[in-house]
Each structure stands twice: as structure tokens, then as C-alpha cells.
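Notes to accompany the following structure.
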Amino acid sequence: MSDFSDTVQAYAVTACKDDFNPTFSYWDGNGNSRLILNKTHVGEVRNEGAWAKISTLTTAPSYVFEVLPDSDATDYKGHAWGLNDVCHPFDDAAWVDWIDEHPPNGNNKIFTKEISALDKVARNLMDGTTINTYAETANDTTMDIYSGPIGVDRSLVR
């Protein structure tokens, strides 16, 4: 994603093939953290202060992300990792059941909440979710740059 002057504000990489496993490192305030697409689970890279961004609608893109906001601890870059359904339909019935019981914020159909405030079921579901997408922002840019799914929006690539 770029601004009006073509300066990159954020990027995201989604790995659709199971054997495509790029590795990403990022500074989380405690040191370098690392994740591997299609191998690492969300719970393996849990960060204090992270937020969940979840949507499991059947007619719109579905996703489950952990978002680490930009801050002094992250060198003012935002980071996010999780599952984007652009590669495969999101068919995890446990997530769909959970979201049905926990309506998203407002009318935007996207559930956002600090991970530490999620109930045990949601935290366990997140922990077991395999990461297929990693995103990072430029300095002083928030992940809000992605109004819907982080990375590719399957409704735009049909």
C-alpha cells in the first residue's frame, strides 16, 4: 500500500502454497521475533499489547489476525500476522460459532479487541491458527491502513 506520492506505507505477504514458507523477523521491544508462513501458529508469537482483528463472514473475506500496534517498542512500525482466507475458504466451524456468539464491533462486521481481553475459547482458537500472512507498516503508520482484511482481499481477486 502506498500514499499519493507512491511511498510505501505498508506491505503484506500471503503464502497460499503450503511449501512456500518465507521467514519474517521484527522487533517487538524485547528483541527480534521470528515467524514462518504456513508453519508458525499465532500463539507462538504472542505479544503483550496485541489486538485481535477477526471476521468470519461467509460472503466477505474472513480472517484472524494478531495486530501489534506501532509504538516505541516496535520502532514505531505496526506488525500483523494471521490467517487470510484468500487462498482457501475459511471453514473453521469453531471460529464461525465463536463469532456468532460474540458480535463484531458496530456495523463493520469486524471484531477487534485486545487479545488479553478475549475469552479462553478465542485465545485457544487464535493460538492454533496457522499464519499464512505477515504485514508490516512504515514508521508512524498504523495497521488501520487496512480497513478490511490485512493483505489481499479475496473479494477483489475473483
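Naming works like this for the C-alpha cells: A, B, ... for the chains as they're shown, residue 1 at the start of each chain, ligands 1 onward in shown order.
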* Distance query Ala12 in chain A at most 9 Å, only C-alpha atoms, self and fewer than 6 positions along chain excluded, as a count of residues only -> 10
* To do: as a ChimeraX atom specification, please: all residues of chain A that backbone DSSP puts in helix (DSSP H, G or I).
  => /A:42-45,72-74,93-101,115-117,120-127,143-145,154-156
* In Å, rounded to a single decimal, give me how far CA of Gly148 in chain A is from CA of Ser55 in chain A. => 8.8 Å
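Minimum atom-to-atom distances from A:Ile131, A:Leu118, A:Cys16, A:Leu37 to His88 in chain A were compared using only C-alpha atoms, and the lowest value belongs to A:Cys16.
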* **Residues near Ala117 in chain A, cut-off 12 Å, only C-alpha atoms, skip fewer than 5 positions along chain, as a ChimeraX atom specification** => /A:48-52,112,122-123
Only N, CA, C and O atoms, please: the residues just picked out, written as a PDB file, in the first residue's frame.
```pdb
ATOM      1  N   GLU A  48       2.520  -8.939  24.188  1.00  0.00           N
ATOM      2  CA  GLU A  48       1.727  -8.137  25.111  1.00  0.00           C
ATOM      3  C   GLU A  48       1.291  -6.851  24.407  1.00  0.00           C
ATOM      4  O   GLU A  48       2.060  -6.242  23.673  1.00  0.00           O
ATOM      5  N   GLY A  49       0.056  -6.481  24.594  1.00  0.00           N
ATOM      6  CA  GLY A  49      -0.480  -5.271  23.977  1.00  0.00           C
ATOM      7  C   GLY A  49      -1.035  -5.489  22.579  1.00  0.00           C
ATOM      8  O   GLY A  49      -1.476  -4.543  21.931  1.00  0.00           O
ATOM      9  N   ALA A  50      -1.009  -6.723  22.102  1.00  0.00           N
ATOM     10  CA  ALA A  50      -1.516  -7.009  20.756  1.00  0.00           C
ATOM     11  C   ALA A  50      -3.045  -7.054  20.756  1.00  0.00           C
ATOM     12  O   ALA A  50      -3.676  -7.295  21.775  1.00  0.00           O
ATOM     13  N   TRP A  51      -3.611  -6.820  19.585  1.00  0.00           N
ATOM     14  CA  TRP A  51      -5.050  -6.830  19.375  1.00  0.00           C
ATOM     15  C   TRP A  51      -5.435  -7.957  18.427  1.00  0.00           C
ATOM     16  O   TRP A  51      -4.643  -8.337  17.559  1.00  0.00           O
ATOM     17  N   ALA A  52      -6.635  -8.441  18.574  1.00  0.00           N
ATOM     18  CA  ALA A  52      -7.201  -9.399  17.630  1.00  0.00           C
ATOM     19  C   ALA A  52      -8.037  -8.627  16.618  1.00  0.00           C
ATOM     20  O   ALA A  52      -8.726  -7.665  16.973  1.00  0.00           O
ATOM     21  N   THR A 112     -12.729  -6.519  16.905  1.00  0.00           N
ATOM     22  CA  THR A 112     -11.419  -6.093  17.379  1.00  0.00           C
ATOM     23  C   THR A 112     -11.449  -5.982  18.894  1.00  0.00           C
ATOM     24  O   THR A 112     -12.405  -5.456  19.465  1.00  0.00           O
ATOM     25  N   ALA A 122     -11.548 -18.111  22.437  1.00  0.00           N
ATOM     26  CA  ALA A 122     -10.954 -17.335  21.344  1.00  0.00           C
ATOM     27  C   ALA A 122      -9.431 -17.368  21.410  1.00  0.00           C
ATOM     28  O   ALA A 122      -8.766 -17.514  20.372  1.00  0.00           O
ATOM     29  N   ARG A 123      -8.871 -17.233  22.603  1.00  0.00           N
ATOM     30  CA  ARG A 123      -7.411 -17.292  22.719  1.00  0.00           C
ATOM     31  C   ARG A 123      -6.886 -18.653  22.251  1.00  0.00           C
ATOM     32  O   ARG A 123      -5.877 -18.732  21.554  1.00  0.00           O
TER      33      ARG A 123
END
```
* Asked: Can you tell me how far CA of Lys17 in chain A sits from CA of Glu66 in chain A, in Å to one decimal?
  -> 21.3 Å
* For Lys53 in chain A, list every protein, DNA or RNA residue within 6 Å, evaluated using only C-alpha atoms, and leave out those in the same chain fewer than 3 positions away; present the list as number ranges by chain. => A: 64-65, 111-112
* Extract, using only C-alpha atoms, all DNA, RNA and protein residues at most 10 Å from Pro149 in chain A, discarding same-chain residues fewer than 5 positions from it, and format them as number ranges by chain. => A: 53-55, 60-65, 83-86, 110, 154
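When CA of Thr14 in chain A is paired with CA of Asn32 in chain A, their separation reads 20.9 Å.
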* To do: Could you please write out, as number ranges by chain, every residue of chain A that DSSP assigns to strand (DSSP E or B)?
  => A: 2, 8, 10-14, 23-27, 32-36, 41, 51-55, 63-68, 77, 79-84, 105, 110-114, 130, 133-137, 141
